[in-house]
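Novice: Before we start, here is the structure in question, set down as structure tokens.
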2 protein chains.
Amino acid sequence: MKLKVVGVLAYDSITSEFGSKENIFGGSATYFAVSSSYLSNNVLITGAIGKDFNLRDLDVLSSRGINIDGVERLNQNTFKWEGKYEINSPNDAITLSNSIIKGEPNVLESYKPTLYSKNENTSEEYSLFLANADPKHQKDLIEQANKKASLIGLDTMDFWINNSPESVKELFPKVDVIIINENEAKLITNENSLRNCIEKIQDLGADRMVIKLGNYGLVYASNTTRFFLPAVLVDQVKDPTGAGDSFAGGFMGYLSTVENLSEEEFKDACIYGSVMASFCVEEFGLDRLLSLNNNEIENRKNLLINQIKY
Amino acid sequence: MKLKVVGVLAYDSITSEFGSKENIFGGSATYFAVSSSYLSNNVLITGAIGKDFNLRDLDVLSSRGINIDGVERLNQNTFKWEGKYEINSPNDAITLSNSIIKGEPNVLESYKPTLYSKNENTSEEYSLFLANADPKHQKDLIEQANKKASLIGLDTMDFWINNSPESVKELFPKVDVIIINENEAKLITNENSLRNCIEKIQDLGADRMVIKLGNYGLVYASNTTRFFLPAVLVDQVKDPTGAGDSFAGGFMGYLSTVENLSEEEFKDACIYGSVMASFCVEEFGLDRLLSLNNNEIENRKNLLINQIKY
């Protein structure tokens, strides 16, 4: 089944204890698309790039078999993010600046994503991932999907939870699985205990959720199941940027290939998501994700399964 | 098989977001002994109390069937600890003060633990847990055990790692399982990545280790096995004090009842340890640990197993 992601294509400048990289290709939709392309051969990316965008970066996506018909080029600049990670805090990205903070005209100011690109067959079923974005846009996309998306995954971030908590919460009953991190879960529920977070998010109408715990793994919760999965222990976390979107890419990528979704399939999706995230953090930017092969993915999957075997 | 613990009996003053308690009975050996008493009916506690000690607190131990022949009463005061936990940081105990910082004469200044109490049958086999203490004392106890202890578990803490790192490391090849927390593992190895921590601790001669990740669970590692176990999600972490020692109590308590120790038994021990720690944190001090029954323990064990089922 087709897998669509709507999100951001960006240029990132990143500093960690392992060094710095400037203006490397990233963004939520990018990480999701590259990651999911190892699980699905029918990935479509939707997002906006600017007049400064290096079109060779789109080749990176095409070379992974990703359909880029939904990428719109606008007249402002591409969105840029500058962040750093402190030693020993791989789970906390610190935003140093971005296009909005700098007041730089950027594509996100005017961009309104549309779900279908030109010439697209709109009667086909698909899975849809709504990466972190203005909840108003996310709502609009859910309405555009109009129940034709058989599985919708949703991400958000602290900025939107702080600024429009009700608009974020309103989306929860409208999607199939919420994929957020621990801090976001705590912020949206005003709870410290993970158990209470899960219950409050369920009370808000969420069917299924994954709460990502960074290098400590994740908890998956549905009405019938709770499943805890540790992260793969990697040698070095060089750059955590994109790990969450890579998780979502592996997770949704796997699910988009499965006919009948059982709880066991969601557990397997968590495993593929964790495996993809573990590769993502091993090098800066997309470097590791782009140098993968399927054997490496299967080996790491087996390693992870072996480490939770009881 | 007999299970001996050597460690501290203390009075704790604790503040968390859920309130404050002053001078409540605690200490590493106390939490270990009470926790392990649910798994073993042959627990012996060794440690020192002071002239100010309320002897009714020893009845708490006796009422759990714990042998207190190894508790020595000395002429100074009982060791005291004052600490707090910040909201959202249950894994980081902040020491506000203790008997040493205050310069108060206390029993730990002169106490030298001995492994066997009066009239004890010294030819019997036993399991031994060396709670956090001066590594010189721990070394001496290992020598006193002289290979008669069939299983030795070891804890330490940042204070000793900072002050006598070589004395701590020297103990690793002499014991069967090291039970430390993530920060201690990072401190002793000078590594940030958990994977490198495990490998370096193995290089120091450790056969087996449990690295406790607080509310994120633990990783168990031996030469053949790695096993990740999440923590039980509790409703509220009211007071994390003693959680690590309660873990060790459940872990060693279970192992002390098993004839042939396989890797599967160590995994089960991790589960019992996690279950006991999860009860410990639900109320201040020993309150929850003392109000438990075996049904509650089995139910929570099954809950945890269900949540890792893949």
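Labels used: A, B, ... for chains in the order of the structure tokens, numbers from 1 for residues in each chain, and numbers from 1 for ligands as shown.
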Would you list the contacts of Glu143 in chain A as a list of chain:residue names, taking every protein, DNA or RNA residue within 12 Å and counting only C-alpha atoms, but skipping same-chain residues closer than 2 positions in sequence?
Specialist: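 Listing them by chain and then by number gives A:Thr114, A:Leu115, A:Lys136, A:His137, A:Gln138, A:Lys139, A:Asp140, A:Leu141, A:Ala145, A:Asn146, A:Lys147, A:Lys148, A:Ala149, A:Ile152, A:Leu171, A:Lys174, A:Val175.
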Novice: If we count only C-alpha atoms and set the cut-off at 9 Å, which residues sit around Phe266 in chain B, ignoring sequence neighbours fewer than 2 positions away in its own chain? Please answer as a PyMOL selection string.
Specialist: chain B and resi 220+251+254-255+261-264+268-271
Novice: Pick out the closest residue to chain B from this set: A:Lys2, A:Lys212, A:Lys112, A:Arg288. Count only C-alpha atoms.
Specialist: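 The closest residue to chain B is A:Lys212.
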Novice: Restricting the calculation to only C-alpha atoms: of B:Val234, B:Ile66, B:Gly83, B:Val281, which residue gets closest to Leu39 in chain B?
Specialist: B:Ile66
Novice: Can you check which residues of chain B have any atom within 6 Å of chain A? Use only C-alpha atoms and format it as a VMD selection string.
Specialist: chain B and resid 195 226 to 228 233 307 to 308
